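Chemist: Can you keep this structure in mind? I'll have questions shortly.
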Amino acid sequence: MTQPTLNTQGLMAALCAAATWGMVGVFVRWLPGWSAFAVLAGRFLVATVAMLPILFLAPSVRHDLIRSLRTSTIWWLSLPAIGGYVLGTTAFQLAPVGEVTLLFTTSPLFIIAYKYVVRLHVKRNEGFGMLLAMAGASAIVLPQLSTDRAVSWATLAGYLLALGAAGLIAIYTLWFNAFAQQNIAPKSINVVFLTCLLGTGV
């Protein structure tokens, strides 16, 4: 039985996607009176409206999206994407932006952990990156727990939600890679559009 492979492009995609949450956290902090679902719905609505001209001006993209909607893969990929956005946005409302952003970028850790579990080969640079990410996450969480000043439950909940969001992004990356290996993965733009469209109703 051939074991699946996992290239570094998936890891980089997860890391780059998570890194963009830094700016998102700032905007979430600017809207303290809004619920996480309201913030998400607004973001997804703006993104959907921004993508509509592409669908109208490019018939090939529109037809490809319609075909993708008839498959189950695109719907499965949208689930962890939306879940990651929900947990990530809520985490920004509970804990400091910088700390949540760093924890959110630990999604490659979950991917490498998966590779260890299924006994896939882990490259040396991937192992080094995992140690670096763990050191960064520990540098944030451990000082908070070791100080005399009590850490609020809201902050701890924010940390856990950020890690949960990172885990969901890792699941998305793993699923997309698995679908790509089977040549059934939808185009990324189709997944993004469906995710934004569904997200407007959260």
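Labels for the structure tokens follow display order: chains A, B, ..., residues from 1 in each chain, ligands from 1.
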List the spatial neighbours of stretch 47-64 of chain A as a list of chain:residue names - criterion: any atom at most 8 Å away, only C-alpha atoms, same-chain residues fewer than 3 positions off excluded.
Modeler: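 Close residues of stretch 47-64 of chain A: A:Arg43, A:Phe44, A:Arg67, A:Ser68, A:Asn190, A:Phe193, A:Cys196, A:Leu197.
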Chemist: Could you jot down the atom CA of A:Leu198 to atom CA of A:Gly84 separation for me, Å, one decimal place?
Modeler: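 Pair atom CA of A:Leu198 / atom CA of A:Gly84 returns 13.5 Å.
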Chemist: Ranking A:Ser107, A:Thr200, A:Thr73, A:Gln181 by minimum distance to A:Val39 and counting only C-alpha atoms, which one comes first?
Modeler: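 Once distances to A:Val39 are computed over only C-alpha atoms, the minimum belongs to A:Thr200.
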Chemist: Between A:Asn177, A:Thr89, A:Leu77, A:Ala154, which is the closest to A:Trp34 once you count only C-alpha atoms?
Modeler: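 Of A:Asn177, A:Thr89, A:Leu77, A:Ala154, the one nearest A:Trp34, counting only C-alpha atoms, is A:Thr89.
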Chemist: With distances taken over only C-alpha atoms, which residue among A:Thr173, A:Thr71, A:Thr90, A:Ser138 lies nearest A:Ile111?
Modeler: A:Thr173
Chemist: Provide the atom CA of A:Ser78 to atom CA of A:Val117 distance in Å, to one decimal place.
Modeler: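 Atom CA of A:Ser78 sits 24.9 Å away from atom CA of A:Val117.
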Chemist: Nearest residue to A:Leu132 out of A:Asn183, A:Val118, A:Pro108, A:Trp75, using only C-alpha atoms?
Modeler: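 Of all the options, A:Pro108 lies closest to A:Leu132.
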Chemist: Could you check the closest approach to A:Leu160 for each of A:Val191, A:Ile184, A:Leu109, A:Leu94 and tell me which residue wins, using only C-alpha atoms?
Modeler: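 Ranked by minimum distance to A:Leu160, first place goes to A:Leu94.
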Chemist: In terms of the shortest atom-to-atom distance over only C-alpha atoms, which of A:Leu79, A:Leu194, A:Ala38, A:Ala139 is closest to A:Leu103?
Modeler: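 Between A:Leu79, A:Leu194, A:Ala38, A:Ala139, the residue approaching A:Leu103 most closely is A:Ala139.
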